[in-house]
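Asks: Provided herewith: work00.txt, compact mmCIF, C-alpha atoms.
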# COMPACT_ATOMS: atom_id res chain seq x y z
CA MET A 186 3.34 -45.65 -20.70
CA LYS A 187 3.63 -47.42 -17.33
CA LYS A 188 2.53 -50.99 -16.87
CA LEU A 189 -1.24 -51.16 -16.47
CA LYS A 190 -2.57 -52.53 -13.17
CA ILE A 191 -5.80 -54.48 -13.83
CA LEU A 192 -8.06 -55.68 -11.03
CA ILE A 193 -10.16 -58.68 -12.20
CA LEU A 194 -13.30 -59.57 -10.22
CA GLU A 195 -14.17 -63.08 -11.43
CA ASP A 196 -15.15 -66.36 -9.71
CA ASN A 197 -14.50 -68.51 -12.79
CA LYS A 198 -10.78 -69.26 -13.05
CA LEU A 199 -11.07 -70.30 -16.70
CA ASP A 200 -12.78 -67.06 -17.69
CA ALA A 201 -10.12 -65.10 -15.83
CA LYS A 202 -7.43 -67.04 -17.67
CA LEU A 203 -9.06 -66.29 -21.03
CA ILE A 204 -9.16 -62.58 -20.19
CA LYS A 205 -5.45 -62.56 -19.33
CA GLU A 206 -4.60 -64.56 -22.46
CA GLU A 207 -6.49 -62.08 -24.63
CA LEU A 208 -4.56 -59.20 -23.03
CA THR A 209 -1.23 -61.04 -23.42
CA GLU A 210 -1.92 -62.06 -27.01
CA LYS A 211 -2.47 -58.41 -27.95
CA LYS A 212 0.87 -57.60 -26.26
CA PHE A 213 -0.83 -55.51 -23.59
CA ASP A 214 1.70 -54.43 -20.92
CA PHE A 215 -0.08 -55.20 -17.67
CA THR A 216 -0.05 -56.78 -14.26
CA SER A 217 -3.22 -58.10 -12.67
CA GLU A 218 -4.80 -59.27 -9.45
CA LEU A 219 -7.73 -61.70 -9.34
CA VAL A 220 -10.38 -61.49 -6.58
CA GLU A 221 -13.86 -62.93 -6.17
CA THR A 222 -15.16 -61.74 -2.78
CA GLU A 223 -16.18 -58.33 -1.49
CA LYS A 224 -13.48 -58.43 1.20
CA ASP A 225 -10.72 -59.18 -1.30
CA PHE A 226 -12.12 -56.57 -3.72
CA ASN A 227 -11.94 -53.84 -1.07
CA ALA A 228 -8.44 -54.88 -0.03
CA ALA A 229 -7.19 -54.84 -3.63
CA ILE A 230 -8.56 -51.35 -4.16
CA HIS A 231 -6.51 -50.08 -1.20
CA ASN A 232 -3.37 -52.19 -1.67
CA PHE A 233 -3.14 -53.04 -5.38
CA LYS A 234 -4.39 -49.59 -6.47
CA PRO A 235 -5.65 -50.61 -9.91
CA ASN A 236 -5.71 -48.43 -13.04
CA ILE A 237 -8.79 -50.27 -14.36
CA ILE A 238 -11.35 -52.83 -13.09
CA LEU A 239 -12.73 -55.76 -15.12
CA SER A 240 -15.69 -57.33 -13.34
CA ASP A 241 -18.10 -60.17 -13.94
CA TYR A 242 -21.69 -59.13 -13.42
CA THR A 243 -22.89 -62.22 -11.59
CA LEU A 244 -20.90 -63.87 -8.74
CA PRO A 245 -22.02 -66.38 -6.07
CA HIS A 246 -21.91 -64.08 -3.01
CA PHE A 247 -21.12 -60.68 -4.48
CA THR A 248 -22.58 -58.90 -7.51
CA GLY A 249 -20.87 -56.77 -10.10
CA PHE A 250 -23.33 -53.95 -9.36
CA GLU A 251 -22.26 -53.95 -5.69
CA ALA A 252 -18.64 -53.84 -6.83
CA LEU A 253 -19.47 -50.87 -9.06
CA GLU A 254 -20.99 -48.97 -6.14
CA ILE A 255 -17.91 -49.64 -4.00
CA ALA A 256 -15.58 -48.49 -6.79
CA LYS A 257 -17.64 -45.32 -7.39
CA LYS A 258 -17.30 -44.48 -3.71
CA LEU A 259 -13.60 -45.28 -3.24
CA ILE A 260 -12.04 -44.69 -6.68
CA PRO A 261 -14.63 -42.89 -8.82
CA ASP A 262 -12.12 -41.88 -11.51
CA ILE A 263 -10.94 -45.47 -12.24
CA PRO A 264 -12.58 -47.10 -15.31
CA PHE A 265 -14.95 -49.97 -14.48
CA ILE A 266 -15.81 -52.44 -17.28
CA PHE A 267 -18.14 -55.41 -17.03
CA VAL A 268 -16.90 -58.64 -18.69
CA THR A 269 -19.92 -60.92 -18.46
CA GLY A 270 -21.63 -63.84 -20.09
CA THR A 271 -25.11 -62.45 -20.50
CA LEU A 272 -26.55 -59.00 -20.05
CA SER A 273 -29.85 -57.70 -21.32
CA GLU A 274 -29.89 -54.46 -23.25
CA GLU A 275 -32.12 -52.88 -20.62
CA VAL A 276 -29.70 -53.79 -17.82
CA ALA A 277 -26.72 -52.63 -19.87
CA VAL A 278 -28.28 -49.19 -20.45
CA ASP A 279 -29.13 -48.92 -16.76
CA LEU A 280 -25.55 -49.78 -15.77
CA ILE A 281 -24.13 -47.17 -18.15
CA LYS A 282 -26.39 -44.58 -16.51
CA LYS A 283 -25.17 -45.69 -13.05
CA GLY A 284 -21.52 -45.26 -13.87
CA VAL A 285 -20.11 -48.31 -15.63
CA TRP A 286 -17.65 -47.25 -18.33
CA ASP A 287 -18.29 -50.13 -20.79
CA TYR A 288 -19.28 -53.78 -21.00
CA VAL A 289 -17.88 -56.75 -23.00
CA PHE A 290 -19.44 -60.16 -23.52
CA LYS A 291 -17.19 -63.12 -22.74
CA GLU A 292 -18.15 -64.68 -26.07
CA ASN A 293 -16.63 -61.66 -27.83
CA LEU A 294 -13.35 -60.88 -26.02
CA LEU A 295 -12.03 -59.28 -29.20
CA ARG A 296 -13.79 -56.15 -27.93
CA LEU A 297 -11.88 -56.21 -24.64
CA ILE A 298 -8.73 -54.40 -25.81
CA PRO A 299 -10.64 -51.60 -27.65
CA ALA A 300 -12.94 -51.21 -24.63
CA ILE A 301 -9.96 -50.88 -22.29
CA GLU A 302 -8.16 -48.46 -24.62
CA ASN A 303 -11.30 -46.34 -25.04
CA ALA A 304 -11.84 -46.28 -21.28
CA LEU A 305 -8.24 -45.24 -20.62
CA LYS A 306 -8.46 -42.53 -23.28
CA LEU A 307 -11.71 -41.27 -21.77
CA LYS A 308 -10.11 -41.26 -18.31
CA GLU A 309 -7.17 -39.24 -19.63
CA GLU A 310 -9.54 -36.69 -21.10
CA LYS A 311 -11.52 -36.53 -17.86
CA ASP A 312 -8.29 -36.11 -15.86
CA LYS A 313 -7.17 -33.27 -18.12
CA LYS A 314 -10.55 -31.62 -17.86
CA LYS A 315 -10.55 -31.98 -14.08
CA GLN A 316 -7.02 -30.57 -13.86
CA ALA A 317 -7.99 -27.67 -16.10
CA GLU A 318 -11.05 -26.99 -13.95
CA GLU A 319 -8.95 -27.10 -10.77
CA GLU A 320 -6.35 -24.79 -12.30
CA LEU A 321 -9.09 -22.46 -13.48
CA LYS A 322 -10.62 -22.47 -10.02
CA ALA A 323 -7.23 -21.76 -8.42
CA SER A 324 -6.59 -19.04 -11.00
CA ASN A 325 -9.97 -17.46 -10.25
CA GLN A 326 -9.21 -17.55 -6.54
CA GLN A 327 -5.83 -15.92 -7.10
CA LEU A 328 -7.44 -13.37 -9.40
CA GLN A 329 -10.05 -12.54 -6.76
CA ALA A 330 -7.33 -12.23 -4.11
CA SER A 331 -5.27 -10.00 -6.38
CA GLU A 332 -8.29 -7.86 -7.22
CA GLN A 333 -8.97 -7.48 -3.52
CA GLN A 334 -5.34 -6.51 -2.87
CA LEU A 335 -5.46 -4.08 -5.77
CA LYS A 336 -8.68 -2.61 -4.39
CA VAL A 337 -7.06 -2.13 -0.98
CA SER A 338 -3.95 -0.60 -2.53
CA ASN A 339 -6.04 1.74 -4.66
CA GLN A 340 -8.00 2.78 -1.59
CA GLN A 341 -4.76 3.44 0.27
CA LEU A 342 -3.49 5.45 -2.69
CA LEU A 343 -6.70 7.50 -2.74
CA GLU A 344 -6.26 8.22 0.95
CA ARG A 345 -2.69 9.41 0.31
CA VAL A 346 -3.94 11.60 -2.55
CA LYS A 347 -6.48 13.21 -0.19
CA GLU A 348 -3.72 13.89 2.31
CA LEU A 349 -1.46 15.45 -0.33
CA ASN A 350 -4.38 17.57 -1.58
CA CYS A 351 -4.94 18.79 1.94
CA LEU A 352 -1.31 19.89 2.28
CA TYR A 353 -1.45 21.52 -1.14
CA LYS A 354 -4.59 23.49 -0.31
CA ILE A 355 -3.08 24.62 2.98
CA SER A 356 -0.12 25.92 0.98
CA GLN A 357 -2.56 27.80 -1.23
CA LEU A 358 -4.12 29.37 1.85
CA VAL A 359 -0.69 30.47 3.01
CA GLU A 360 -0.09 32.20 -0.32
CA THR A 361 -3.50 33.92 -0.39
CA PRO A 362 -2.91 37.69 -0.41
CA ASP A 363 -4.15 39.65 2.61
CA ILE A 364 -5.66 36.60 4.31
CA SER A 365 -6.23 37.15 8.00
CA TYR A 366 -5.20 34.80 10.79
CA ASP A 367 -8.85 33.95 11.46
CA GLU A 368 -9.54 33.13 7.81
CA PHE A 369 -6.39 31.07 7.53
CA PHE A 370 -6.94 28.98 10.67
CA GLN A 371 -10.62 28.39 9.91
CA GLY A 372 -9.70 27.36 6.37
CA VAL A 373 -7.20 24.80 7.69
CA VAL A 374 -9.74 23.40 10.15
CA ASP A 375 -12.32 22.97 7.37
CA LEU A 376 -9.81 21.16 5.11
CA ILE A 377 -8.69 18.50 7.55
CA PRO A 378 -11.85 16.30 7.91
CA ILE A 379 -12.22 15.80 4.14
CA SER A 380 -8.71 14.30 4.04
CA MET A 381 -9.63 11.64 6.60
CA GLN A 382 -10.83 8.09 5.94
CA TYR A 383 -14.32 8.84 7.31
CA PRO A 384 -14.91 12.56 6.61
CA GLU A 385 -18.64 12.37 7.33
CA ILE A 386 -18.04 11.56 11.03
CA THR A 387 -14.79 13.49 11.54
CA PHE A 388 -14.55 16.91 13.22
CA CYS A 389 -11.65 19.24 13.83
CA ARG A 390 -10.83 21.88 16.41
CA MET A 391 -7.84 24.21 16.73
CA LEU A 392 -6.81 26.30 19.70
CA ILE A 393 -4.35 29.11 18.97
CA ASN A 394 -3.43 31.56 21.70
CA SER A 395 -6.63 30.66 23.57
CA LYS A 396 -8.80 31.30 20.48
CA GLU A 397 -10.91 28.44 19.15
CA TYR A 398 -11.54 27.43 15.52
CA LYS A 399 -13.73 24.40 14.77
CA THR A 400 -15.67 22.69 12.02
CA ARG A 401 -19.40 23.11 11.59
CA ASN A 402 -21.49 20.91 13.91
CA PHE A 403 -18.35 20.16 15.93
CA LYS A 404 -18.75 17.47 18.61
CA LYS A 405 -16.15 16.60 21.20
CA THR A 406 -15.90 12.83 21.68
CA GLU A 407 -13.63 10.31 23.36
CA TRP A 408 -12.20 9.23 19.99
CA LYS A 409 -9.56 11.80 19.10
CA HIS A 410 -5.97 12.49 18.10
CA ASN A 411 -4.32 15.68 19.34
CA ARG A 412 -1.14 17.49 18.30
CA ASP A 413 0.44 20.56 19.88
CA ILE A 414 1.46 23.53 17.73
CA PHE A 415 4.82 25.12 18.46
CA VAL A 416 5.97 28.54 17.39
CA ASP A 417 9.63 29.32 17.96
CA ASN A 418 9.91 26.14 20.05
CA GLU A 419 7.13 27.24 22.39
CA LYS A 420 3.64 25.78 22.56
CA ALA A 421 1.20 28.18 20.92
CA GLY A 422 -1.86 25.93 20.73
CA SER A 423 -3.10 22.56 19.57
CA ILE A 424 -5.07 20.92 16.79
CA ALA A 425 -7.24 17.82 17.24
CA ILE A 426 -9.40 15.56 15.13
CA TYR A 427 -12.42 13.81 16.65
CA GLN A 428 -14.44 10.90 15.33
CA LEU A 429 -18.15 10.60 16.13
CA LYS A 430 -17.85 6.85 16.65
CA LYS A 431 -15.40 4.02 16.25
CA MET A 432 -15.96 2.26 12.94
CA PRO A 433 -16.35 -1.56 13.03
CA ASP A 434 -13.39 -2.09 10.68
CA SER A 435 -11.04 0.11 12.74
CA ASN A 436 -7.96 -1.59 14.14
CA GLU A 437 -6.57 -0.96 17.61
CA GLU A 438 -5.53 2.53 16.52
CA LEU A 439 -8.58 4.69 15.88
CA PHE A 440 -6.96 6.76 13.13
CA LEU A 441 -4.70 5.48 10.39
CA LYS A 442 -0.97 5.92 10.89
CA GLU A 443 -0.94 8.14 7.80
CA GLU A 444 -3.77 10.27 9.20
CA ARG A 445 -1.88 10.79 12.45
CA SER A 446 1.25 11.66 10.47
CA LEU A 447 -0.76 14.12 8.39
CA LEU A 448 -2.06 15.91 11.49
CA ASN A 449 1.47 16.04 12.89
CA ALA A 450 2.74 17.53 9.62
CA ILE A 451 -0.07 20.10 9.56
CA ALA A 452 0.62 21.13 13.15
CA GLU A 453 4.30 21.56 12.35
CA ARG A 454 3.53 23.49 9.18
CA LEU A 455 1.12 25.74 11.05
CA GLY A 456 3.85 26.55 13.51
CA HIS A 457 6.20 27.40 10.64
CA ASN A 458 3.55 29.46 8.86
CA ILE A 459 2.80 31.40 12.01
CA GLU A 460 6.51 32.08 12.38
CA ARG A 461 6.69 33.19 8.76
CA LYS A 462 3.59 35.33 9.11
CA GLN A 463 5.03 36.98 12.17
CA ALA A 464 8.25 37.70 10.30
CA GLU A 465 6.34 39.18 7.35
CA GLU A 466 4.30 41.34 9.66
CA ALA A 467 7.51 42.45 11.32
CA LEU A 468 8.70 43.70 7.94
CA GLN A 469 5.52 45.75 7.54
CA GLU A 470 5.73 47.47 10.91
CA SER A 471 6.30 51.17 10.73
CA GLU A 472 9.54 52.71 11.88
CA THR A 473 7.81 54.13 14.96
CA LYS A 474 7.27 50.58 16.26
CA TYR A 475 10.68 49.43 15.17
CA LYS A 476 12.37 49.59 18.58
CA GLU A 477 9.60 47.69 20.35
CA LEU A 478 9.76 44.98 17.74
CA PHE A 479 13.55 45.05 17.78
CA ASN A 480 13.73 44.51 21.52
CA ASN A 481 10.97 41.93 21.96
CA THR A 482 10.85 39.68 18.91
CA ASN A 483 12.09 36.11 19.08
CA ASN A 484 13.56 36.53 15.58
CA GLY A 485 17.08 37.82 15.11
CA ILE A 486 17.34 41.38 13.70
CA ALA A 487 20.49 42.93 12.32
CA VAL A 488 20.81 46.49 10.98
CA TYR A 489 23.51 47.41 8.48
CA GLU A 490 24.91 50.69 7.28
CA VAL A 491 25.43 50.67 3.52
CA LYS A 492 28.88 51.66 2.29
CA ASP A 493 29.91 52.64 -1.28
CA TYR A 494 26.49 51.90 -2.76
CA GLY A 495 26.44 48.36 -1.55
CA LYS A 496 30.09 47.33 -1.79
CA ASP A 497 30.17 46.83 1.97
CA PHE A 498 27.70 46.55 4.85
CA ILE A 499 28.65 47.53 8.41
CA PHE A 500 26.90 46.15 11.51
CA LYS A 501 25.00 49.02 13.13
CA ASP A 502 22.66 47.15 15.49
CA PHE A 503 22.05 43.57 16.61
CA ASN A 504 19.17 42.56 18.89
CA LYS A 505 19.20 40.11 21.81
CA ALA A 506 17.46 37.38 19.84
CA ALA A 507 20.19 37.65 17.22
CA GLU A 508 22.84 37.37 19.95
CA ARG A 509 21.11 34.22 21.23
CA ILE A 510 20.72 32.71 17.75
CA ASP A 511 24.29 33.44 16.58
CA LYS A 512 25.83 32.95 20.05
CA CYS A 513 27.75 36.20 19.93
CA LYS A 514 27.82 39.63 21.60
CA ARG A 515 26.44 42.78 20.03
CA GLU A 516 29.50 44.80 20.98
CA ASP A 517 31.78 42.42 19.06
CA LEU A 518 29.95 43.19 15.82
CA ILE A 519 29.02 46.86 15.87
CA GLY A 520 31.10 48.96 13.46
CA ARG A 521 32.63 45.96 11.71
CA SER A 522 32.10 44.71 8.15
CA ILE A 523 29.78 41.81 7.45
CA PHE A 524 32.50 40.31 5.23
CA GLU A 525 34.90 40.28 8.19
CA MET A 526 32.48 38.87 10.77
CA ARG A 527 30.55 36.58 8.43
CA PRO A 528 33.11 35.36 5.85
CA GLY A 529 30.64 32.89 4.31
CA VAL A 530 28.01 35.53 3.59
CA GLU A 531 28.66 35.91 -0.16
CA LYS A 532 28.50 32.18 -0.76
CA PHE A 533 25.33 32.16 1.34
CA GLY A 534 23.82 34.63 -1.15
CA LEU A 535 22.68 37.22 1.38
CA ILE A 536 24.74 40.05 -0.15
CA ASP A 537 22.93 39.61 -3.49
CA SER A 538 19.61 39.93 -1.65
CA PHE A 539 20.86 43.09 0.10
CA ARG A 540 21.78 44.66 -3.22
CA LYS A 541 18.48 43.65 -4.78
CA VAL A 542 16.58 45.43 -2.00
CA LEU A 543 18.79 48.50 -2.47
CA LYS A 544 18.06 48.50 -6.20
CA THR A 545 14.30 47.89 -6.10
CA GLY A 546 13.34 49.36 -2.74
CA GLU A 547 11.11 46.33 -2.20
CA PRO A 548 11.39 43.89 0.72
CA ALA A 549 12.87 40.50 -0.15
CA HIS A 550 12.76 37.02 1.23
CA HIS A 551 16.09 35.20 1.26
CA PRO A 552 15.00 31.55 1.30
CA VAL A 553 16.18 28.92 3.71
CA MET A 554 19.83 28.16 3.00
CA PHE A 555 22.79 26.65 4.77
CA TYR A 556 25.41 29.06 6.13
CA GLU A 557 28.87 28.03 7.30
CA ASP A 558 32.09 29.74 8.35
CA ASN A 559 34.84 28.94 10.85
CA LYS A 560 32.63 29.86 13.84
CA LEU A 561 29.02 29.53 12.75
CA LYS A 562 26.97 27.09 10.71
CA GLY A 563 23.31 26.22 10.34
CA TRP A 564 20.16 26.70 8.26
CA TYR A 565 18.86 30.28 8.17
CA GLU A 566 15.87 32.10 6.74
CA ASN A 567 16.05 35.89 6.21
CA PHE A 568 13.58 38.68 5.44
CA ILE A 569 15.23 41.87 4.22
CA TYR A 570 13.97 45.45 3.85
CA GLU A 571 15.32 48.98 3.60
CA LEU A 572 14.62 51.66 6.18
CA PRO A 573 13.73 55.19 5.07
CA SER A 574 17.17 56.17 6.35
CA GLY A 575 18.76 53.87 3.79
CA GLU A 576 19.90 51.24 6.24
CA ILE A 577 19.36 47.56 5.50
CA VAL A 578 17.50 45.42 8.04
CA THR A 579 17.45 41.64 8.04
CA VAL A 580 15.07 39.64 10.19
CA PHE A 581 16.35 36.10 10.49
CA LYS A 582 15.93 32.84 12.31
CA GLU A 583 18.06 29.75 12.59
CA ILE A 584 15.95 26.68 11.68
CA THR A 585 18.48 23.85 11.57
CA GLU A 586 16.43 21.53 13.78
CA ARG A 587 13.25 22.26 11.82
CA LYS A 588 15.05 21.73 8.49
CA GLN A 589 16.35 18.36 9.62
CA ALA A 590 12.87 17.36 10.77
CA GLU A 591 11.36 18.49 7.44
CA GLU A 592 13.90 16.46 5.50
CA GLU A 593 13.14 13.36 7.56
CA LEU A 594 9.40 13.90 7.05
CA LYS A 595 9.90 14.34 3.30
CA LYS A 596 11.99 11.16 3.07
CA HIS A 597 9.27 9.26 4.92
CA ARG A 598 6.50 10.67 2.70
CA ASP A 599 8.47 10.01 -0.52
CA HIS A 600 9.23 6.47 0.64
CA LEU A 601 5.56 5.83 1.40
CA GLU A 602 4.44 7.16 -1.99
CA GLU A 603 7.06 5.02 -3.77
CA LEU A 604 5.94 1.87 -1.87
CA VAL A 605 2.30 2.47 -2.81
CA LYS A 606 3.29 3.08 -6.44
CA GLU A 607 5.47 -0.05 -6.59
CA ARG A 608 2.83 -2.22 -4.89
CA THR A 609 0.12 -0.95 -7.24
CA GLU A 610 2.31 -1.73 -10.28
CA GLU A 611 3.10 -5.21 -8.89
CA LEU A 612 -0.56 -6.00 -8.30
CA GLU A 613 -1.50 -4.74 -11.76
CA GLU A 614 1.19 -6.97 -13.27
CA VAL A 615 -0.04 -9.98 -11.25
CA HIS A 616 -3.57 -9.16 -12.35
CA GLU A 617 -2.52 -9.19 -16.03
CA GLN A 618 -0.55 -12.44 -15.58
CA LEU A 619 -3.51 -14.18 -13.97
CA ILE A 620 -5.81 -13.06 -16.77
CA ARG A 621 -3.35 -14.38 -19.37
CA LYS A 622 -3.00 -17.63 -17.45
CA GLU A 623 -6.76 -18.02 -17.23
CA ARG A 624 -7.14 -17.43 -20.96
CA LEU A 625 -4.39 -19.97 -21.75
CA ALA A 626 -6.03 -22.49 -19.43
CA VAL A 627 -9.40 -22.05 -21.13
CA LEU A 628 -7.81 -22.29 -24.60
CA GLY A 629 -5.97 -25.42 -23.48
CA GLN A 630 -9.18 -26.94 -22.21
CA LEU A 631 -11.06 -26.11 -25.41
CA SER A 632 -8.31 -27.51 -27.64
CA GLY A 633 -8.03 -30.62 -25.41
CA GLY A 634 -11.84 -31.08 -25.60
Can the structure in the file be given as structure tokens, please?
Replies:
Amino acid sequence: MKKLKILILEDNKLDAKLIKEELTEKKFDFTSELVETEKDFNAAIHNFKPNIILSDYTLPHFTGFEALEIAKKLIPDIPFIFVTGTLSEEVAVDLIKKGVWDYVFKENLLRLIPAIENALKLKEEKDKKKQAEEELKASNQQLQASEQQLKVSNQQLLERVKELNCLYKISQLVETPDISYDEFFQGVVDLIPISMQYPEITFCRMLINSKEYKTRNFKKTEWKHNRDIFVDNEKAGSIAIYQLKKMPDSNEELFLKEERSLLNAIAERLGHNIERKQAEEALQESETKYKELFNNTNNGIAVYEVKDYGKDFIFKDFNKAAERIDKCKREDLIGRSIFEMRPGVEKFGLIDSFRKVLKTGEPAHHPVMFYEDNKLKGWYENFIYELPSGEIVTVFKEITERKQAEEELKKHRDHLEELVKERTEELEEVHEQLIRKERLAVLGQLSGG
């Protein structure tokens, strides 16, 4: 324990000496400063910084009660004990109510040491209680902040879930059998507002090939985000979301970054789905329309003659789009084996798809895969069917740029989902730690009390 600093307010030098002698006799480790005026008392509080005050009640020009009021104002947590000659019981009770810690009569200084020790013990308990209350308050503030952060993170996570649900339901629309273009586009338009932060004031409109699809009660406003739709690298339309008003809590950007990204992803997916739908419809065209399709489609079309029941496939026709996609001439391919002109075709898996179509008679989709040989490489998607004449037709497109964009988009989306997950787990851990800390603080306070 550090040396105790005792401020003595006493005008009688002999009484002050007796007080010090009593403290010394009991081997009390202390240093003291003696004052008797209000000016010196105030100065000692600021400069001496006492641990305890011993004050006479009656002084010539300054009373102990006035000293008590000063001490309560400047150092309210420092014990204040009256050491006085006479004090009525009524006055003593009143002083205790007004903040004095204890009182000792000069005729009975044997009580001085116990009074000081009791006061110091009481101060220690009050300090611990105050510290516990401050820690509890700080813990509650941190808990509230963490709960608010967790609430925000949960809200962000819910928004991401809505966006993922929207993409999932669009995928379901794509896979719906016999769905028409009109039904598909209107279904997409109806799905988008409910994935936004404020669905009740959000509208959507899509323009495809000059045809309009919009949500019920659509209203065109100044608050919007628009994204063009491209099919085969050409603009085919646009999709836009509108907000009825700007919400008070909106930042400088009207729509969330994630909402804008979602609309961009939907527009890109629509373009891809339209391309896919066009390819599927191309497979269903009758042979009478084959030449028109062959000469005008933006997709590559190659026709193969089947040799030896599928042991070899010979180029029989190759349209202009295919020449553009593969950067080759039709005349260089016709009459030659696919194995000779496309040496990576078996590894690419296309031959297996050819043979499957020959065996089943049903059209097949060869999924997006990477093809590479000494002259050609890139990501390709193929749709394969058999003509009544027995020839194999493949409708294909090179989607390397789109594939790279999809991979970048997926990386970004996966990264965002992982950040939200990690942040949610961190906040939940902080939440649990703060609760444990609060419980320990309360248990410490109760056991200390």
Asks: By how many Å are CA of Asp367 in chain A and CA of Tyr383 in chain A apart?
Replies: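 Computing it gives 26.0 Å between the two atoms.
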Asks: Which residues are near Asn197 in chain A? Cut-off 9 Å, all atoms listed in the file, ignore same chain within fewer than 5 positions. Put them as a ChimeraX atom specification.
Replies: /A:202,221,244
Asks: Sorted by chain and rising residue number, list the residues of range 301-384 of chain A at most 9 Å from range 392-410 of chain A (counting all atoms listed in the file), each with its closest atom pair and distance in Å to one decimal, as JSON lines.
Replies:
{"residue": "A:Asp367", "atom": "CA", "partner": "A:Tyr398", "partner_atom": "CA", "distance": 8.1}
{"residue": "A:Phe370", "atom": "CA", "partner": "A:Tyr398", "partner_atom": "CA", "distance": 6.9}
{"residue": "A:Gln371", "atom": "CA", "partner": "A:Tyr398", "partner_atom": "CA", "distance": 5.8}
{"residue": "A:Val374", "atom": "CA", "partner": "A:Lys399", "partner_atom": "CA", "distance": 6.2}
{"residue": "A:Asp375", "atom": "CA", "partner": "A:Thr400", "partner_atom": "CA", "distance": 5.7}
{"residue": "A:Pro378", "atom": "CA", "partner": "A:Thr400", "partner_atom": "CA", "distance": 8.5}
Asks: For Asp497 in chain A, which residue out of A:Pro548, A:Gly629, A:Gly422, A:Gly520 is the nearest one, using all atoms listed in the file?
Replies: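 Using all atoms listed in the file, Asp497 in chain A sits closest to A:Gly520.
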Asks: Using only C-alpha atoms, which protein or nucleic acid residues come within 8 Å of Ser423 in chain A? Drop anything in the same chain fewer than 4 positions from it, and give the result as a list in words.
Replies: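 Residues near the query, excluding close chain neighbours: Met391, Leu392, Ile393, Asn411, Arg412, Asp413, Ile414 and Ala452 of chain A.
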Asks: From the set A:Lys442, A:Lys188, A:Arg608, A:Lys582, which residue has the shortest atom-to-atom contact distance to Phe568 in chain A, counting only C-alpha atoms?
Replies: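 Using only C-alpha atoms, Phe568 in chain A sits closest to A:Lys582.
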Asks: Go through A:Lys234, A:Arg587, A:Arg540, A:Lys505 one by one, measure the shortest atom-to-atom distance of each to Asn418 in chain A using only C-alpha atoms, and give the residue with the smallest value.
Replies: A:Arg587
Asks: Which value, in Å to one decimal, gives the distance between CA of Thr585 in chain A and CA of Glu443 in chain A?
Replies: 25.3 Å
Asks: Per residue of range 504-620 of chain A within 7 Å of range 480-493 of chain A, which atom pair is closest and at what distance in Å (one decimal), using all atoms listed in the file, listed by chain and increasing number, as a Markdown table?
Replies:
| residue | atom | partner | partner_atom | distance |
| --- | --- | --- | --- | --- |
| A:Asn504 | CA | A:Ile486 | CA | 5.6 |
| A:Ala506 | CA | A:Gly485 | CA | 4.8 |
| A:Ala507 | CA | A:Gly485 | CA | 3.8 |
| A:Ile510 | CA | A:Gly485 | CA | 6.8 |
| A:Glu576 | CA | A:Glu490 | CA | 5.1 |
| A:Ile577 | CA | A:Tyr489 | CA | 5.1 |
| A:Val578 | CA | A:Val488 | CA | 4.6 |
| A:Thr579 | CA | A:Ala487 | CA | 5.4 |
| A:Val580 | CA | A:Ile486 | CA | 4.5 |
| A:Phe581 | CA | A:Gly485 | CA | 5.0 |
| A:Lys582 | CA | A:Asn484 | CA | 5.5 |
Asks: Can you tell me how far CA of Leu253 in chain A sits from CA of Gln316 in chain A, in Å to one decimal?
Replies: 24.3 Å
Asks: What would range 264-270 of chain A look like with N, CA, C and O atoms restored, written as a compact mmCIF listing (two decimals), keeping the file's coordinate frame?
Replies:
# COMPACT_ATOMS: atom_id res chain seq x y z
N PRO A 264 -11.63 -46.44 -14.40
CA PRO A 264 -12.58 -47.10 -15.31
C PRO A 264 -13.04 -48.46 -14.79
O PRO A 264 -12.24 -49.25 -14.27
N PHE A 265 -14.34 -48.72 -14.93
CA PHE A 265 -14.95 -49.97 -14.48
C PHE A 265 -15.68 -50.58 -15.68
O PHE A 265 -16.62 -49.98 -16.21
N ILE A 266 -15.23 -51.78 -16.11
CA ILE A 266 -15.81 -52.44 -17.28
C ILE A 266 -16.35 -53.82 -16.88
O ILE A 266 -15.66 -54.60 -16.21
N PHE A 267 -17.59 -54.08 -17.27
CA PHE A 267 -18.14 -55.41 -17.03
C PHE A 267 -17.70 -56.35 -18.16
O PHE A 267 -17.81 -56.01 -19.34
N VAL A 268 -17.20 -57.54 -17.76
CA VAL A 268 -16.90 -58.64 -18.69
C VAL A 268 -17.77 -59.80 -18.25
O VAL A 268 -17.49 -60.47 -17.25
N THR A 269 -18.89 -60.02 -18.96
CA THR A 269 -19.92 -60.92 -18.46
C THR A 269 -20.43 -61.83 -19.58
O THR A 269 -20.21 -61.56 -20.77
N GLY A 270 -21.12 -62.87 -19.12
CA GLY A 270 -21.63 -63.84 -20.09
C GLY A 270 -22.90 -63.35 -20.75
O GLY A 270 -23.02 -63.35 -21.97
